[in-house]
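What follows is the content of upload_7.txt, which has compact mmCIF, C-alpha atoms and all ligand atoms:
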# COMPACT_ATOMS: atom_id res chain seq x y z
CA MET A 827 99.48 79.45 86.90
CA ILE A 828 99.84 82.39 89.29
CA THR A 829 96.64 82.67 91.30
CA VAL A 830 95.27 85.74 93.05
CA THR A 831 95.96 84.11 96.37
CA SER A 832 97.31 80.95 97.94
CA PRO A 833 96.44 79.77 101.43
CA LEU A 834 98.79 79.97 104.37
CA LEU A 835 99.17 76.32 105.41
CA PRO A 836 100.41 75.01 108.76
CA ASP A 837 103.28 72.57 108.96
CA LEU A 838 101.73 69.18 108.24
CA ASP A 839 103.69 67.28 110.92
CA GLU A 840 102.73 69.81 113.60
CA PHE A 841 99.13 69.64 112.46
CA TYR A 842 99.23 65.87 112.60
CA GLY A 843 100.42 66.06 116.21
CA MET A 844 97.42 68.20 117.09
CA LEU A 845 95.07 65.90 115.21
CA LYS A 846 96.36 63.04 117.35
CA GLU A 847 95.47 65.02 120.47
CA ILE A 848 91.96 65.62 119.12
CA TRP A 849 91.55 61.93 118.25
CA ASN A 850 92.70 60.91 121.72
CA SER A 851 90.38 63.37 123.44
CA LYS A 852 87.38 62.35 121.29
CA TYR A 853 86.11 65.90 121.83
CA ILE A 854 85.86 67.23 118.29
CA THR A 855 83.53 70.24 118.42
CA ASN A 856 81.25 72.35 120.72
CA ASN A 857 83.72 74.67 122.44
CA GLY A 858 86.58 72.20 122.82
CA SER A 859 89.99 73.03 124.26
CA PHE A 860 91.61 74.14 120.96
CA HIS A 861 88.57 76.33 120.29
CA LYS A 862 89.00 78.01 123.69
CA GLN A 863 92.75 78.36 123.17
CA LEU A 864 92.35 79.95 119.72
CA GLU A 865 89.77 82.46 120.99
CA LYS A 866 92.21 83.56 123.73
CA GLU A 867 95.22 83.69 121.42
CA LEU A 868 93.33 85.64 118.76
CA ALA A 869 92.06 88.20 121.28
CA SER A 870 95.62 88.78 122.41
CA TYR A 871 97.11 88.86 118.88
CA LEU A 872 94.40 91.17 117.57
CA LYS A 873 94.48 93.43 120.68
CA VAL A 874 90.74 93.10 121.24
CA PRO A 875 88.85 92.25 124.45
CA TYR A 876 86.74 89.29 123.23
CA VAL A 877 86.59 87.00 120.23
CA SER A 878 83.94 84.43 119.38
CA LEU A 879 84.88 81.92 116.68
CA PHE A 880 82.48 81.05 113.85
CA THR A 881 82.39 78.57 110.97
CA ASN A 882 82.81 81.31 108.34
CA GLY A 883 82.72 85.07 107.89
CA THR A 884 79.09 85.31 106.79
CA LEU A 885 77.38 83.85 109.86
CA PRO A 886 78.88 86.34 112.34
CA LEU A 887 77.43 89.15 110.19
CA ILE A 888 74.00 87.53 110.27
CA THR A 889 74.31 86.83 114.00
CA ALA A 890 75.54 90.35 114.85
CA LEU A 891 72.41 91.82 113.24
CA GLN A 892 70.27 89.38 115.25
CA ALA A 893 72.09 90.07 118.50
CA LEU A 894 71.75 93.84 118.15
CA ARG A 895 68.10 93.42 117.04
CA VAL A 896 68.73 95.46 113.92
CA THR A 897 65.60 95.92 111.76
CA GLY A 898 64.24 98.19 109.02
CA GLU A 899 66.96 99.78 106.91
CA VAL A 900 70.75 99.54 107.17
CA ILE A 901 73.21 101.79 105.37
CA THR A 902 75.95 99.83 103.64
CA THR A 903 78.41 99.82 100.76
CA PRO A 904 77.88 98.23 97.35
CA TYR A 905 81.66 97.82 96.92
CA SER A 906 82.19 94.55 98.77
CA PHE A 907 81.73 90.82 98.50
CA VAL A 908 78.07 89.94 98.18
CA ALA A 909 77.98 88.29 101.65
CA THR A 910 77.87 91.74 103.27
CA THR A 911 74.47 92.60 101.81
CA HIS A 912 73.19 89.02 101.88
CA ALA A 913 73.55 89.12 105.69
CA LEU A 914 71.03 91.98 105.76
CA TRP A 915 68.65 90.23 103.38
CA TRP A 916 68.73 87.04 105.48
CA ASN A 917 67.53 89.16 108.41
CA GLY A 918 64.71 90.75 106.40
CA ILE A 919 66.52 94.10 106.49
CA LYS A 920 66.51 96.53 103.57
CA PRO A 921 70.01 97.49 102.44
CA VAL A 922 70.47 101.15 101.59
CA PHE A 923 73.55 101.63 99.42
CA VAL A 924 75.71 104.69 99.90
CA ASP A 925 78.61 105.58 97.60
CA VAL A 926 82.26 105.01 98.47
CA ASP A 927 85.20 107.35 98.79
CA LEU A 928 87.59 106.95 95.85
CA LYS A 929 90.58 107.49 98.14
CA THR A 930 89.89 104.28 100.10
CA GLY A 931 87.05 102.36 98.47
CA ASN A 932 85.18 102.55 101.78
CA LEU A 933 81.75 103.98 102.57
CA ASP A 934 81.96 107.77 102.25
CA PRO A 935 80.97 109.13 105.68
CA ASP A 936 80.00 112.47 104.15
CA LYS A 937 77.22 110.75 102.18
CA ILE A 938 75.74 108.69 105.02
CA GLU A 939 73.49 111.29 106.64
CA ALA A 940 71.52 111.98 103.46
CA ALA A 941 70.54 108.29 103.34
CA ILE A 942 69.22 108.09 106.92
CA THR A 943 65.43 107.70 107.23
CA PRO A 944 63.18 107.05 110.26
CA LYS A 945 63.58 103.32 109.48
CA THR A 946 67.40 103.34 109.63
CA THR A 947 68.71 101.38 112.60
CA ALA A 948 72.34 100.68 111.75
CA ILE A 949 75.34 101.26 109.51
CA MET A 950 77.29 98.30 108.12
CA PRO A 951 80.57 99.51 106.60
CA VAL A 952 83.34 97.30 105.21
CA HIS A 953 87.09 97.90 105.64
CA VAL A 954 87.54 96.96 102.01
CA TYR A 955 90.92 95.37 101.13
CA GLY A 956 91.73 95.86 104.83
CA LYS A 957 91.89 99.64 104.46
CA PRO A 958 90.39 101.14 107.61
CA CYS A 959 87.16 103.12 107.33
CA ASP A 960 86.89 106.57 108.86
CA THR A 961 85.58 104.99 112.07
CA LYS A 962 85.55 108.28 114.01
CA LYS A 963 83.26 110.07 111.56
CA ILE A 964 81.01 107.02 111.21
CA GLN A 965 80.68 106.73 115.00
CA GLU A 966 79.82 110.43 115.32
CA ILE A 967 76.97 109.99 112.83
CA ALA A 968 75.80 106.78 114.53
CA ASP A 969 75.77 108.50 117.94
CA ARG A 970 73.89 111.50 116.59
CA TYR A 971 71.12 109.32 115.15
CA GLY A 972 71.21 106.47 117.69
CA LEU A 973 72.36 103.87 115.16
CA LYS A 974 74.30 100.65 115.70
CA VAL A 975 77.53 100.09 113.75
CA ILE A 976 78.61 96.63 112.63
CA TYR A 977 81.87 96.48 110.72
CA ASP A 978 82.38 93.78 108.13
CA ALA A 979 86.09 93.44 108.85
CA ALA A 980 86.48 90.28 106.75
CA HIS A 981 89.62 91.78 105.15
CA ALA A 982 90.98 93.61 108.19
CA PHE A 983 92.75 90.89 110.17
CA GLY A 984 95.47 92.52 112.30
CA VAL A 985 94.92 96.03 110.89
CA GLU A 986 95.71 98.79 113.37
CA VAL A 987 95.34 102.57 113.36
CA ASN A 988 97.83 104.41 115.57
CA GLY A 989 98.51 101.21 117.49
CA GLU A 990 94.86 100.35 118.11
CA SER A 991 93.03 97.50 116.41
CA VAL A 992 90.49 98.68 113.86
CA LEU A 993 88.35 95.77 115.10
CA ASN A 994 87.55 97.70 118.28
CA ALA A 995 85.47 100.25 116.36
CA GLY A 996 81.67 100.15 116.32
CA ASP A 997 79.41 97.80 118.27
CA MET A 998 80.86 94.66 116.72
CA SER A 999 83.27 93.62 113.98
CA THR A 1000 83.31 90.40 112.03
CA LEU A 1001 86.21 88.55 110.41
CA SER A 1002 86.52 85.89 107.72
CA PHE A 1003 89.11 83.15 108.04
CA HIS A 1004 88.38 81.71 104.60
CA ALA A 1005 91.22 79.98 102.72
CA THR A 1006 91.64 83.07 100.54
CA LYS A 1007 92.25 85.42 103.47
CA VAL A 1008 95.49 86.65 105.08
CA TYR A 1009 94.80 84.39 108.05
CA ASN A 1010 92.75 81.27 107.44
CA THR A 1011 91.27 78.30 109.25
CA ILE A 1012 90.22 76.73 105.89
CA GLU A 1013 86.64 77.94 106.42
CA GLY A 1014 86.11 80.05 109.49
CA GLY A 1015 85.39 83.45 110.92
CA ALA A 1016 84.94 85.39 114.12
CA MET A 1017 83.13 88.18 115.84
CA VAL A 1018 84.85 90.78 118.00
CA MET A 1019 82.93 92.43 120.81
CA HIS A 1020 83.62 94.80 123.70
CA ASP A 1021 82.23 93.05 126.78
CA GLU A 1022 81.83 89.66 128.37
CA LYS A 1023 78.03 89.81 128.46
CA THR A 1024 77.86 90.29 124.70
CA LYS A 1025 80.39 87.50 124.17
CA GLN A 1026 78.19 85.22 126.27
CA ARG A 1027 75.10 86.13 124.26
CA ILE A 1028 76.90 85.56 120.96
CA ASP A 1029 78.22 82.21 122.18
CA TYR A 1030 74.62 81.21 122.96
CA LEU A 1031 73.40 82.43 119.57
CA LYS A 1032 76.00 80.50 117.60
CA ASN A 1033 74.94 77.34 119.47
CA PHE A 1034 71.17 77.35 118.67
CA GLY A 1035 70.58 79.78 121.57
CA PHE A 1036 71.42 77.17 124.20
CA ALA A 1037 72.37 78.61 127.60
CA GLY A 1038 72.75 75.30 129.42
CA GLU A 1039 71.32 71.86 128.77
CA THR A 1040 67.64 72.77 128.87
CA THR A 1041 67.48 76.51 128.31
CA VAL A 1042 67.21 78.23 124.93
CA VAL A 1043 67.45 82.02 125.17
CA GLY A 1044 66.85 82.94 121.55
CA PRO A 1045 66.51 81.73 117.97
CA GLY A 1046 70.17 80.86 117.55
CA ILE A 1047 71.95 79.19 114.68
CA ASN A 1048 74.68 76.57 114.46
CA SER A 1049 77.97 78.24 113.64
CA LYS A 1050 80.51 76.59 115.94
CA MET A 1051 84.08 76.10 114.76
CA ASP A 1052 85.27 72.50 115.22
CA GLU A 1053 88.48 71.39 116.93
CA VAL A 1054 90.28 70.45 113.70
CA ARG A 1055 89.94 73.96 112.27
CA ALA A 1056 90.75 75.56 115.63
CA ALA A 1057 93.99 73.51 115.83
CA TYR A 1058 94.86 74.53 112.26
CA GLY A 1059 94.13 78.15 113.26
CA ILE A 1060 96.44 77.96 116.29
CA LEU A 1061 99.31 76.83 114.06
CA ASN A 1062 98.61 79.45 111.40
CA LEU A 1063 98.54 82.26 113.96
CA ARG A 1064 102.20 81.45 114.73
CA GLN A 1065 103.26 82.19 111.16
CA VAL A 1066 100.85 84.91 110.08
CA ASP A 1067 103.28 87.79 110.86
CA GLU A 1068 105.89 86.26 108.58
CA SER A 1069 103.28 85.85 105.88
CA ILE A 1070 102.15 89.49 106.17
CA ALA A 1071 105.80 90.61 105.97
CA ALA A 1072 106.20 88.60 102.74
CA ARG A 1073 103.03 90.19 101.34
CA ARG A 1074 104.41 93.61 102.17
CA GLU A 1075 107.48 92.87 100.04
CA VAL A 1076 105.19 92.00 97.13
CA ALA A 1077 103.27 95.27 97.58
CA VAL A 1078 106.53 97.25 97.63
CA ALA A 1079 107.74 95.56 94.42
CA TYR A 1080 104.42 96.18 92.67
CA ARG A 1081 104.33 99.84 93.73
CA ASN A 1082 107.92 100.49 92.66
CA ALA A 1083 107.26 99.08 89.21
CA LEU A 1084 103.78 100.53 88.65
CA ARG A 1085 104.26 104.06 89.94
CA SER A 1086 105.50 105.28 86.58
CA VAL A 1087 102.91 103.46 84.45
CA ASP A 1088 100.47 105.95 82.97
CA GLY A 1089 96.85 104.98 83.50
CA VAL A 1090 97.48 102.57 86.38
CA SER A 1091 96.72 103.68 89.93
CA PHE A 1092 96.84 101.89 93.28
CA PHE A 1093 96.63 102.62 96.99
CA ASP A 1094 99.65 103.58 99.04
CA ASP A 1095 99.96 102.79 102.74
CA MET A 1096 97.93 105.13 104.95
CA PRO A 1097 99.82 107.13 107.59
CA GLY A 1098 99.65 105.57 111.09
CA VAL A 1099 98.10 102.36 109.75
CA LYS A 1100 99.49 98.86 110.19
CA HIS A 1101 98.30 97.19 106.99
CA ASN A 1102 97.89 93.48 106.30
CA TYR A 1103 98.41 93.59 102.50
CA SER A 1104 95.46 91.30 101.97
CA TYR A 1105 94.77 92.51 98.41
CA PHE A 1106 96.59 94.58 95.82
CA PRO A 1107 93.97 96.30 93.67
CA ILE A 1108 95.02 98.37 90.67
CA PHE A 1109 92.68 100.65 88.73
CA ILE A 1110 92.95 101.06 84.97
CA ASP A 1111 92.22 104.37 83.27
CA GLU A 1112 91.53 103.01 79.77
CA ARG A 1113 92.17 106.31 78.00
CA LYS A 1114 95.58 106.88 79.55
CA TYR A 1115 96.66 103.23 79.68
CA GLY A 1116 95.54 102.50 76.13
CA MET A 1117 93.77 99.26 76.96
CA SER A 1118 90.55 98.51 78.80
CA ARG A 1119 90.48 96.81 82.20
CA ASP A 1120 88.79 93.76 80.71
CA ASP A 1121 91.28 93.47 77.85
CA LEU A 1122 94.15 93.60 80.33
CA TYR A 1123 92.38 91.08 82.56
CA MET A 1124 91.97 88.67 79.64
CA LYS A 1125 95.56 89.20 78.51
CA MET A 1126 96.72 88.32 82.03
CA ARG A 1127 94.54 85.21 82.03
CA GLU A 1128 96.01 84.06 78.75
CA ALA A 1129 99.46 84.37 80.30
CA LYS A 1130 98.17 82.31 83.26
CA VAL A 1131 98.36 85.29 85.61
CA LEU A 1132 95.04 85.11 87.39
CA GLY A 1133 94.10 88.45 88.87
CA ARG A 1134 90.50 88.93 90.00
CA ARG A 1135 88.03 91.77 89.51
CA TYR A 1136 87.14 92.15 93.20
CA PHE A 1137 84.55 93.78 93.43
CA TYR A 1138 82.90 93.65 90.04
CA PRO A 1139 79.98 93.61 89.50
CA LEU A 1140 78.88 95.80 92.37
CA ILE A 1141 76.51 94.15 94.84
CA SER A 1142 73.87 96.71 93.81
CA GLU A 1143 73.98 95.28 90.27
CA PHE A 1144 72.98 91.73 91.26
CA SER A 1145 69.36 90.82 90.49
CA THR A 1146 68.36 90.59 94.18
CA TYR A 1147 69.33 94.21 94.82
CA ARG A 1148 69.10 95.95 91.44
CA GLY A 1149 65.52 97.06 92.02
CA LEU A 1150 66.32 99.03 95.18
CA GLU A 1151 66.11 102.79 94.86
CA SER A 1152 69.60 103.19 96.35
CA ALA A 1153 71.01 100.78 93.72
CA ASP A 1154 70.55 103.45 91.02
CA PRO A 1155 74.00 103.88 89.40
CA ASN A 1156 73.54 107.68 89.60
CA ASN A 1157 73.62 107.27 93.39
CA LEU A 1158 76.86 105.27 93.27
CA PRO A 1159 79.22 106.87 90.71
CA ASN A 1160 82.45 106.22 92.63
CA ALA A 1161 81.60 102.61 93.39
CA HIS A 1162 80.82 102.03 89.69
CA LYS A 1163 84.06 103.68 88.66
CA MET A 1164 86.06 101.41 90.96
CA ALA A 1165 84.17 98.25 90.00
CA ASN A 1166 84.65 98.98 86.30
CA THR A 1167 88.38 99.62 86.51
CA VAL A 1168 89.70 97.26 89.20
CA ILE A 1169 91.95 94.23 88.94
CA CYS A 1170 93.33 92.66 92.12
CA LEU A 1171 96.82 91.43 91.32
CA PRO A 1172 98.12 88.13 92.70
CA MET A 1173 99.04 88.80 96.33
CA HIS A 1174 100.25 86.13 98.73
CA HIS A 1175 103.19 84.99 100.80
CA THR A 1176 104.61 82.44 98.33
CA LEU A 1177 105.03 84.72 95.31
CA SER A 1178 108.67 84.56 94.16
CA LYS A 1179 110.59 87.42 92.48
CA GLU A 1180 110.04 85.59 89.18
CA ASP A 1181 106.30 85.40 89.83
CA ILE A 1182 106.17 89.11 90.62
CA ASN A 1183 108.06 89.89 87.41
CA ARG A 1184 105.71 87.68 85.40
CA VAL A 1185 102.75 89.63 86.81
CA LEU A 1186 104.42 92.97 86.11
CA ASP A 1187 105.43 91.93 82.58
CA GLN A 1188 101.74 91.77 81.76
CA ILE A 1189 101.07 95.32 82.95
CA VAL A 1190 104.21 97.41 82.46
CA LYS A 1191 104.58 98.26 78.80
N1 LIG B 1201 82.57 89.98 103.80
C1 LIG B 1201 83.54 90.26 102.92
C2 LIG B 1201 83.94 91.67 102.71
C3 LIG B 1201 84.17 89.22 102.22
O1 LIG B 1201 85.14 89.49 101.31
C4 LIG B 1201 83.77 87.88 102.46
C5 LIG B 1201 84.36 86.79 101.72
C6 LIG B 1201 82.76 87.66 103.43
C7 LIG B 1201 82.18 88.73 104.08
C8 LIG B 1201 82.28 86.28 103.76
O2 LIG B 1201 83.26 85.51 104.39
P1 LIG B 1201 83.21 83.90 104.25
O3 LIG B 1201 81.77 83.46 104.61
O4 LIG B 1201 83.59 83.53 102.84
O5 LIG B 1201 84.23 83.43 105.26
C9 LIG B 1201 86.42 84.32 97.77
C10 LIG B 1201 86.04 83.72 99.09
O6 LIG B 1201 85.25 82.54 98.98
C11 LIG B 1201 85.35 84.65 100.03
O7 LIG B 1201 85.66 84.19 101.33
C12 LIG B 1201 85.89 86.08 99.93
N2 LIG B 1201 85.17 87.01 100.76
C13 LIG B 1201 85.83 86.55 98.50
C14 LIG B 1201 86.36 87.96 98.33
O8 LIG B 1201 86.65 85.69 97.72
P2 LIG B 1201 86.11 83.45 95.30
O9 LIG B 1201 84.92 82.78 94.74
O10 LIG B 1201 86.70 84.58 94.59
O11 LIG B 1201 87.30 82.39 95.63
P3 LIG B 1201 87.92 81.31 94.66
O12 LIG B 1201 87.49 79.96 95.12
O13 LIG B 1201 87.70 81.66 93.25
O14 LIG B 1201 89.48 81.46 95.01
C15 LIG B 1201 90.29 82.50 94.49
C16 LIG B 1201 91.67 81.94 94.21
O15 LIG B 1201 92.29 81.56 95.41
C17 LIG B 1201 91.69 80.69 93.32
O16 LIG B 1201 91.85 81.06 92.00
C18 LIG B 1201 92.90 79.93 93.82
C19 LIG B 1201 93.07 80.38 95.23
N3 LIG B 1201 92.64 79.37 96.19
C20 LIG B 1201 91.33 79.31 96.60
C21 LIG B 1201 90.91 78.35 97.49
C22 LIG B 1201 89.48 78.29 97.93
C23 LIG B 1201 93.56 78.44 96.63
O17 LIG B 1201 94.74 78.49 96.24
N4 LIG B 1201 93.15 77.49 97.54
C24 LIG B 1201 91.86 77.40 97.98
O18 LIG B 1201 91.54 76.53 98.80
O19 LIG B 1201 85.59 83.93 96.74
Would you give me this structure, written as structure tokens?
Ligand code: T4K
Amino acid sequence: MITVTSPLLPDLDEFYGMLKEIWNSKYITNNGSFHKQLEKELASYLKVPYVSLFTNGTLPLITALQALRVTGEVITTPYSFVATTHALWWNGIKPVFVDVDLKTGNLDPDKIEAAITPKTTAIMPVHVYGKPCDTKKIQEIADRYGLKVIYDAAHAFGVEVNGESVLNAGDMSTLSFHATKVYNTIEGGAMVMHDEKTKQRIDYLKNFGFAGETTVVGPGINSKMDEVRAAYGILNLRQVDESIAARREVAVAYRNALRSVDGVSFFDDMPGVKHNYSYFPIFIDERKYGMSRDDLYMKMREAKVLGRRYFYPLISEFSTYRGLESADPNNLPNAHKMANTVICLPMHHTLSKEDINRVLDQIVK
């Protein structure tokens, strides 16, 4: 079985050594020493000023909206994992879907303005597959209309544009450290912010709003990463570069083999961008390829090559959101086209040459 991903795992003996330290300290959660260490190391690795760790990648989205007091309507993309829009719904905010740009799969900045209403308070784009959004254009629109920008950067660990982290864009960015991500802490996530005051506020909010033993400054939640996951994260950070380099080799092999296949398209690296190769989506043009996306997907499954159709169905097609005016398929032609043609090929650091060939054998005719 070749799965779409496989988690980066720390060395078990090293992990055991850290577990012993945790056991000896008896301090197992609530901003322990490994938690503090990982926040510092991540900020330095990611080239961002401040990081606040979370228990997953969904809660920082929900908390960012709370912290920035976002209400009313938020412009977002339907081409993402459902957690992006769920975070709005959990805050009682109405998602307004805007179509994506076929060149990147990200929110099309040229279509944002037409969706702004007097109730719009923020934009929540996603750097889908880790491909950076047009952050400059999005910020210009946000500044013109006085909107907040929260990036769902769940896929964008370590991604840089011209040497600067993409996580520094907008008011806040959020990351997922789920087992299926480039960098994982089993379950886990983080928020990136620009200043110490905001970091402080977020740290309060992820701890029920507690600012000291007897003071609660807001309706916070519990989303603190424990010491075991923080220790695991410290070890994984030491090997993530090697893992990304191995992923890059897989991407190169896929591209070399698929470039000449009629009816199969994929993304190339973007100029000036340091990619993380988190996903390798291909898009099937049924007419040219001679087989539908779903037939190819099933054929791959039968050969035990488990790609995934990330992101099909579109979020706007789920029952919770289907009734929204902006969920009308006529409003989202590009997103539908991508969702209906995509297969994410297996992409991870342990794929061997034989694995890669087995994947390609299914696609190259
Ligand atoms: N925003 C965006 C844009 C996101 O993509 C996500 C999550 C979030 C926000 C929310 O972040 P978190 O709250 O999850 O931290 C997965 C993940 O559960 C989810 O984290 C991720 N996006 C989404 C795109 O994919 P599934 O249901 O597809 O994963 P699953 O369990 O089917 O795993 C896929 C394959 O990975 C398996 O076939 C085998 C392999 N695998 C998986 C796990 C869990 C392993 O080898 N080991 C493992 O432990 O959702």
Next on the checklist: Please identify all protein, DNA and RNA residues within 6 Å of ligand LIG 1201 (chain B), counting all atoms listed in the file, and report them as a ChimeraX atom specification.
Outcome noted: /A:829-833,882-884,906-907,909-910,978,980,1002-1006,1014-1015
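Using all atoms listed in the file, the set of residues no farther than 10 Å from the position (78.0, 99.3, 118.5) comprises Ala890, Leu894, Ala948, Ile949, Gln965, Ala968, Asp969, Gly972, Leu973, Lys974, Val975, Ile976, Tyr977, Asn994, Ala995, Gly996, Asp997, Met998, Ser999, Met1019 and His1020 of chain A.
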Same residues, C-alpha atoms, saved as a PDB file, in the frame of the given file:
ATOM      1  CA  ALA A 890      75.540  90.350 114.850  1.00  0.00           C
ATOM      2  CA  LEU A 894      71.750  93.840 118.150  1.00  0.00           C
ATOM      3  CA  ALA A 948      72.340 100.680 111.750  1.00  0.00           C
ATOM      4  CA  ILE A 949      75.340 101.260 109.510  1.00  0.00           C
ATOM      5  CA  GLN A 965      80.680 106.730 115.000  1.00  0.00           C
ATOM      6  CA  ALA A 968      75.800 106.780 114.530  1.00  0.00           C
ATOM      7  CA  ASP A 969      75.770 108.500 117.940  1.00  0.00           C
ATOM      8  CA  GLY A 972      71.210 106.470 117.690  1.00  0.00           C
ATOM      9  CA  LEU A 973      72.360 103.870 115.160  1.00  0.00           C
ATOM     10  CA  LYS A 974      74.300 100.650 115.700  1.00  0.00           C
ATOM     11  CA  VAL A 975      77.530 100.090 113.750  1.00  0.00           C
ATOM     12  CA  ILE A 976      78.610  96.630 112.630  1.00  0.00           C
ATOM     13  CA  TYR A 977      81.870  96.480 110.720  1.00  0.00           C
ATOM     14  CA  ASN A 994      87.550  97.700 118.280  1.00  0.00           C
ATOM     15  CA  ALA A 995      85.470 100.250 116.360  1.00  0.00           C
ATOM     16  CA  GLY A 996      81.670 100.150 116.320  1.00  0.00           C
ATOM     17  CA  ASP A 997      79.410  97.800 118.270  1.00  0.00           C
ATOM     18  CA  MET A 998      80.860  94.660 116.720  1.00  0.00           C
ATOM     19  CA  SER A 999      83.270  93.620 113.980  1.00  0.00           C
ATOM     20  CA  MET A1019      82.930  92.430 120.810  1.00  0.00           C
ATOM     21  CA  HIS A1020      83.620  94.800 123.700  1.00  0.00           C
TER      22      HIS A1020
END
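When the distance limit is 9 Å and only C-alpha atoms are what count, the residues near A:Tyr1009, minus those fewer than 6 positions from it on the same chain, are A:Pro833, A:Leu834, A:Phe983, A:Ser1002, A:Phe1003, A:Gly1059, A:Asn1062, A:Leu1063, A:Val1066, A:Ser1069.
Near A:Val1168, within 10 Å and counting all atoms listed in the file, sit A:Val1090, A:Ser1091, A:Phe1092, A:Phe1106, A:Pro1107, A:Ile1108, A:Phe1109, A:Ile1110, A:Asp1111, A:Arg1119, A:Asp1120, A:Tyr1123, A:Gly1133, A:Arg1134, A:Arg1135, A:Tyr1136, A:Phe1137, A:Tyr1138, A:Lys1163, not including residues fewer than 5 positions from it in the same chain.
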Output the selection as a PDB file, in the frame of the given file - C-alpha atoms for each residue.
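Final output, saved to again03.pdb:
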ATOM      1  CA  VAL A1090      97.480 102.570  86.380  1.00  0.00           C
ATOM      2  CA  SER A1091      96.720 103.680  89.930  1.00  0.00           C
ATOM      3  CA  PHE A1092      96.840 101.890  93.280  1.00  0.00           C
ATOM      4  CA  PHE A1106      96.590  94.580  95.820  1.00  0.00           C
ATOM      5  CA  PRO A1107      93.970  96.300  93.670  1.00  0.00           C
ATOM      6  CA  ILE A1108      95.020  98.370  90.670  1.00  0.00           C
ATOM      7  CA  PHE A1109      92.680 100.650  88.730  1.00  0.00           C
ATOM      8  CA  ILE A1110      92.950 101.060  84.970  1.00  0.00           C
ATOM      9  CA  ASP A1111      92.220 104.370  83.270  1.00  0.00           C
ATOM     10  CA  ARG A1119      90.480  96.810  82.200  1.00  0.00           C
ATOM     11  CA  ASP A1120      88.790  93.760  80.710  1.00  0.00           C
ATOM     12  CA  TYR A1123      92.380  91.080  82.560  1.00  0.00           C
ATOM     13  CA  GLY A1133      94.100  88.450  88.870  1.00  0.00           C
ATOM     14  CA  ARG A1134      90.500  88.930  90.000  1.00  0.00           C
ATOM     15  CA  ARG A1135      88.030  91.770  89.510  1.00  0.00           C
ATOM     16  CA  TYR A1136      87.140  92.150  93.200  1.00  0.00           C
ATOM     17  CA  PHE A1137      84.550  93.780  93.430  1.00  0.00           C
ATOM     18  CA  TYR A1138      82.900  93.650  90.040  1.00  0.00           C
ATOM     19  CA  LYS A1163      84.060 103.680  88.660  1.00  0.00           C
TER      20      LYS A1163
END
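Here atom CA of A:Ile964 and atom CA of A:Pro935 stand 5.9 Å from one another.
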Checklist entry - Could you tell me, as JSON, numbers by chain, which residues have any atom at most 12 Å from (99.0, 87.6, 78.9), counting all atoms listed in the file? => result {"A": [827, 828, 1121, 1122, 1123, 1124, 1125, 1126, 1127, 1128, 1129, 1130, 1131, 1132, 1133, 1184, 1185, 1186, 1187, 1188, 1189, 1190]}
Next on the checklist: Using Å and a single decimal, report how far atom CA of A:Glu1022 sits from atom CA of A:Lys873.
Outcome noted: 15.3 Å
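Interatomic distance, atom CA of A:Glu986 against atom CA of A:Lys957: 9.7 Å.
Restricting the calculation to all atoms listed in the file, the smallest distance between A:Asn1156 and any of A:Ala893, A:Cys959, A:Val924, A:Ile1047 is found for A:Val924.
With all atoms listed in the file as the atoms that count, the residue of A:Thr1011, A:Tyr1103, A:Ile938, A:Ile1141 with the shortest distance to A:Glu1053 is A:Thr1011.
Proximity ranking of A:Thr1000, A:Asn1183, A:Asn932, A:Thr889 relative to A:Asn1082 places A:Asn1183 first, based on only C-alpha atoms.
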Item to check | Shortest interatomic distance to A:Glu1143 - which of A:Asp1088, A:Val1076, A:Phe923, A:Leu887, counting all atoms listed in the file | outcome: A:Phe923
Next on the checklist: Could you list, as a ChimeraX atom specification, every residue within 12 Å of A:Phe1093, counting all atoms listed in the file and ignoring same-chain residues fewer than 4 positions away?
Outcome noted: /A:928-931,954-957,1077-1078,1080-1081,1084-1085,1097,1101,1103,1105-1109,1168,1170
Checklist entry - Given the choices A:Glu1112, A:Glu865, A:Asp837, A:Asp925, which gets closest to A:Asn1166 if the distance is worked out from all atoms listed in the file? => result A:Glu1112
Where's the centre, and what are the edge lengths in Å to one decimal, of a box along x, y and z enclosing all listed atoms of stretch 1115-1130 of chain A padded 3 Å per side, as AutoDock Vina command-line options?
--center_x 94.1 --center_y 92.8 --center_z 79.7 --size_x 16.7 --size_y 26.9 --size_z 13.1
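Nearest-residue note for A:Val877: choosing from A:Ala1037, A:Ile1012, A:Leu864, A:Ala979, the minimum distance belongs to A:Leu864, counting all atoms listed in the file.
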Next on the checklist: List as a PyMOL selection string the protein and nucleic acid residues near A:Tyr905, meaning an atom at most 6 Å away when only C-alpha atoms are counted, but skip any in the same chain fewer than 2 places from it.
Outcome noted: chain A and resi 903+1140+1161
